[in-house]
Each structure stands twice: as structure tokens, then as C-alpha cells.
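This report refers to the structure that appears directly beneath it.
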Amino acid sequence: MAGLTKEKILDALKSIEFEGGDNIVDRGLVSEVVIANGKVYFALDAGNEDPQKLEPYCRKAEDVVGALDDVSSVGVTITAERQKSNGSQANGHANGQANGESKSQAGGGPQGGGGQQAAAGQAIPGVRHVIAVASGKGGVGKSTTSVNIAMGLKAQGLNVGILDADVYGPSMPRLLGLNEEPQTGPNNEIIALEAYGVKVMSMGFMVAEGTPVVWRGPMVMSALGQMINQVTWAPLDVLVIDMPPGTGDVQLTIAQQTPLSGAVIVSTPQDLALIDARKGINMFAQVNIPILGLVENMSYFLCPSCGERSDIFGHGGAKEEALKIGADFLGQIPLHMDIRETSDAGRPIVASNPESAEAQAYLEIAAKIWASLDSQGEDTRVAAPKIVIE
């Protein structure tokens, strides 16, 4: 793809005339051009104008860029600072288009069009429960915990999916040993990949490992909305969302767009991690999402040679925090080489060695989570809050 450059894409887009004789590039409408293995993503920025005004230019841009050599698919996002309807909510609209028989949309990033559509704040069709696995900071093993919880739920005979919501640092391709590109169905829906009987979607399937995603907020929000609402998830008992670390736009957007049955907070025992875990707990409290419980990861280390236990990061901090806030303490996961090795190899320990003590810890946590979800019944998911940024 050496011949495909940002300059060539911008030159092609200059052929699209805008009002007053300008073109969309010289008018400053085109931003955030990203090229990844023949897939091209960019935004048309409507600023304070009505984003619907750019719809015709969006389609033209898809056609023009799609006709370039070495382009396999195109994803265009229309962004606007505020909606004209109420002047207070951020807006994003995304489109994607296949380009001829030899330029399939498969793997071209989250695509617009058909598929399962769910308006903001509505349940995902065919999905009974959606849970978020979150942490206030990175490096606490949240993604490893997420994938093994998903495997634990699957081991109970449930239909399970996992969404990797960390657009900038996706982990699921490595954790599940997947390096395929998702296909698109007849209605332009994205067909989820599967690993160990669990449906999976991640931005990591769209871009090569090590390739940075250099998108600003609106494009990330649009991509996440499509990965939630335009993927063939159904039928699922539980969709596990592996959240990115922190308490920013992504977390709030997911809370706004998806009625969550609850959140699981992952922390290590040390005080620094618990400080950030509290931020995650408070964020979910502010948007009325129940906490299903806390998991203490890397809780202790057992020497494989002598069996001596060492509390490397302290011990019991997450359990104490759960008691303080009145949440369930779901369990402790040890710091163990087998968990690290199976994760790096794309073979989660619950799936590859379910009889091990480490896998049993995850299985017990998953059983507690499902018991909590099952007690909620079918129609008690928390309605997604309206998040308005003034």
C-alpha cells in the first residue's frame, strides 16, 4: 500500500465542489484521514452547521476515495459540535461503502447502513444483559479478567459475546488468538468473529497490531456505536464490554447508548489502584449503573517452588472497598504465570485449563455475576441516562 498516501486522498477529495466554488478540502471540511492496510477513514466536520447538510458530500467522498487504487474500503464520519435540534448534545454520523466487487467491505471498519439498529438508550436486539468490566486505570489486568469472565459465563451454558471497547489499545485479538477480519452480511451488518464459542468484536480486527488509531473523540464514538448496534450479536444471554481504562467520553457514551445491567470493577489491592477504582465506581453511580461487584486481581503470589505466599501488591484492599460501598466482593485472582502465558498465547485459562485453581477462581466469579443478572429478570436493565454536555 506504499502508493496510497494522505496527500493522494486529499487530492482526490478536492474534486468535490462545495458551495461558493470551493472544494471540501479547501473549505476545511476534511479531517482525521487514517490509512490502515488499504482501509481509509476520515471525517467531514460540519462544525456548528446541520450535519445533514454534508450527507450528499459524504456519499461523494466515499465514491471518490473508493475509486483510488489500493483502497479496499472507506469509512466516512460526519461530525458536528452540536445538534441543531437542541443545541446541547454532541453528534456523530458514520457511513461506509464497499467499492466494487473486488473491493469488499469486509474488514473495512465499522460500516454504516443496515444490520441490527438500536437507537441510543435502547436495548440491543436479542441481547438479554450487557455488563461493563471496568477499572479506573490501566495495568490492572482488566482485559484478561474480562475475557476469562466471558469464558466462565460460556462454561455455564450461556450464549456470550465480548466487545473490546478500547479503540486505542485493543486487547482481544491477542487474548483470543484471532487475526481475521470480520465480514459483512447481506444487510451491511458486521458479522462478529468467534473464539471458544464466544462472539467477539474489536477495533483490533480492523487495523494491524502496532498500528495506532489516531482518531479524535467523535470518530471513536461513532465507531463504538456501530460495534455495539450493527454487529450480529443475537442471540446472547450476556454481552461483556471490556471498557478502556478511565472515566471519560467512551465510558459515558456506552452508558448513554446501552442500557447496562451492571458493572464489574477490577482493581489490584494496592492503594494507588484502589483510588482509581473508586473513580470508576463513582462514575457508574452518577449514571445510575449498579455495581455487580469488585474483583481483586493480582491478589497474591504463590511461589511455584516453595509454595510460599507473597502479597506483592498488598492484600484485601478491593474486598474492604466492596464492604465500604455495600457491593459484592466477587473474588480474588492470583498473580500466576499460567494466566500470563495462556493470555499471551491467545488461550484464556478458563478455556484452555478449566480444572486449574486459577480458572476455578474466574469460574466462581462468573457464577456470582450470572446469579446477580439472573435475579434481575428479563426487563430490569437500567435505562440509559441522557448525558448532555453544556
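By order in the C-alpha cells, chains are A, B, ...; within a chain, residues start at 1; ligands start at 1, following the order shown.
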Would you mind listing what lies within 8 Å of segment 9-20 of chain A as a list of chain:residue names, with only C-alpha atoms counted and same-chain residues fewer than 6 positions away left out?
-> A:Asp26, A:Arg27, A:Tyr57, A:Lys60, A:Ala61, A:Val64, A:Val65
Can those selected residues be exported to a file as a compact mmCIF listing (two decimals), in the first residue's frame so that it contains N, CA and C atoms?
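What follows is the written file part09.txt:
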# COMPACT_ATOMS: atom_id res chain seq x y z
N ASP A 26 -10.40 22.44 0.58
CA ASP A 26 -10.03 23.84 0.79
C ASP A 26 -10.96 24.54 1.76
N ARG A 27 -12.22 24.07 1.84
CA ARG A 27 -13.15 24.65 2.79
C ARG A 27 -12.84 24.20 4.23
N TYR A 57 -22.30 15.09 0.33
CA TYR A 57 -20.84 15.14 0.16
C TYR A 57 -20.18 13.91 0.75
N LYS A 60 -20.45 11.26 -1.92
CA LYS A 60 -19.50 11.55 -3.00
C LYS A 60 -18.07 11.23 -2.56
N ALA A 61 -17.74 11.57 -1.34
CA ALA A 61 -16.40 11.31 -0.84
C ALA A 61 -16.10 9.81 -0.81
N VAL A 64 -15.42 8.75 -4.45
CA VAL A 64 -14.17 9.26 -5.00
C VAL A 64 -12.97 8.52 -4.41
N VAL A 65 -12.95 8.36 -3.10
CA VAL A 65 -11.83 7.69 -2.46
C VAL A 65 -11.86 6.19 -2.76
List as a tab-separated table every residue of segment 336-371 of chain A that is in contact with segment 280-299 of chain A, defined as an atom at most 9 Å from one of its atoms (using only C-alpha atoms), together with the nearest atom pair and the distance in Å rounded to one decimal, sorted by chain and then rising number.
residue	atom	partner	partner_atom	distance
A:His336	CA	A:Met298	CA	7.9
A:Ile365	CA	A:Val295	CA	8.1
A:Lys368	CA	A:Leu292	CA	8.9
A:Ile369	CA	A:Leu292	CA	6.7
Deliver the residues from the most recent selection as a file, using C-alpha atoms, as a PDB file, in the first residue's frame.
ATOM      1  CA  HIS A 336       0.239 -16.525  38.324  1.00  0.00           C
ATOM      2  CA  ILE A 365     -16.667 -15.025  39.784  1.00  0.00           C
ATOM      3  CA  LYS A 368     -21.720 -14.920  41.002  1.00  0.00           C
ATOM      4  CA  ILE A 369     -22.175 -12.426  38.174  1.00  0.00           C
TER       5      ILE A 369
END
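You will find atom CA of Asp166 of chain A at 9.2 Å from atom CA of Leu224 of chain A.
Computed from the coordinates, the atom CA of Val240 of chain A to atom CA of Ala345 of chain A distance equals 21.1 Å.
Using only C-alpha atoms for every distance, the candidate list A:Pro259, A:Glu181, A:Pro173, A:Lys154 yields A:Glu181 as the residue closest to Lys39 of chain A.
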Please indicate the distance in Å from atom CA of Arg174 of chain A to atom CA of Val140 of chain A, rounded to one decimal place.
-> 16.9 Å
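When only C-alpha atoms are used to measure the gap to Val167 of chain A, the shortest distance among A:Val198, A:Ile254, A:Met221, A:Ala277 belongs to A:Met221.
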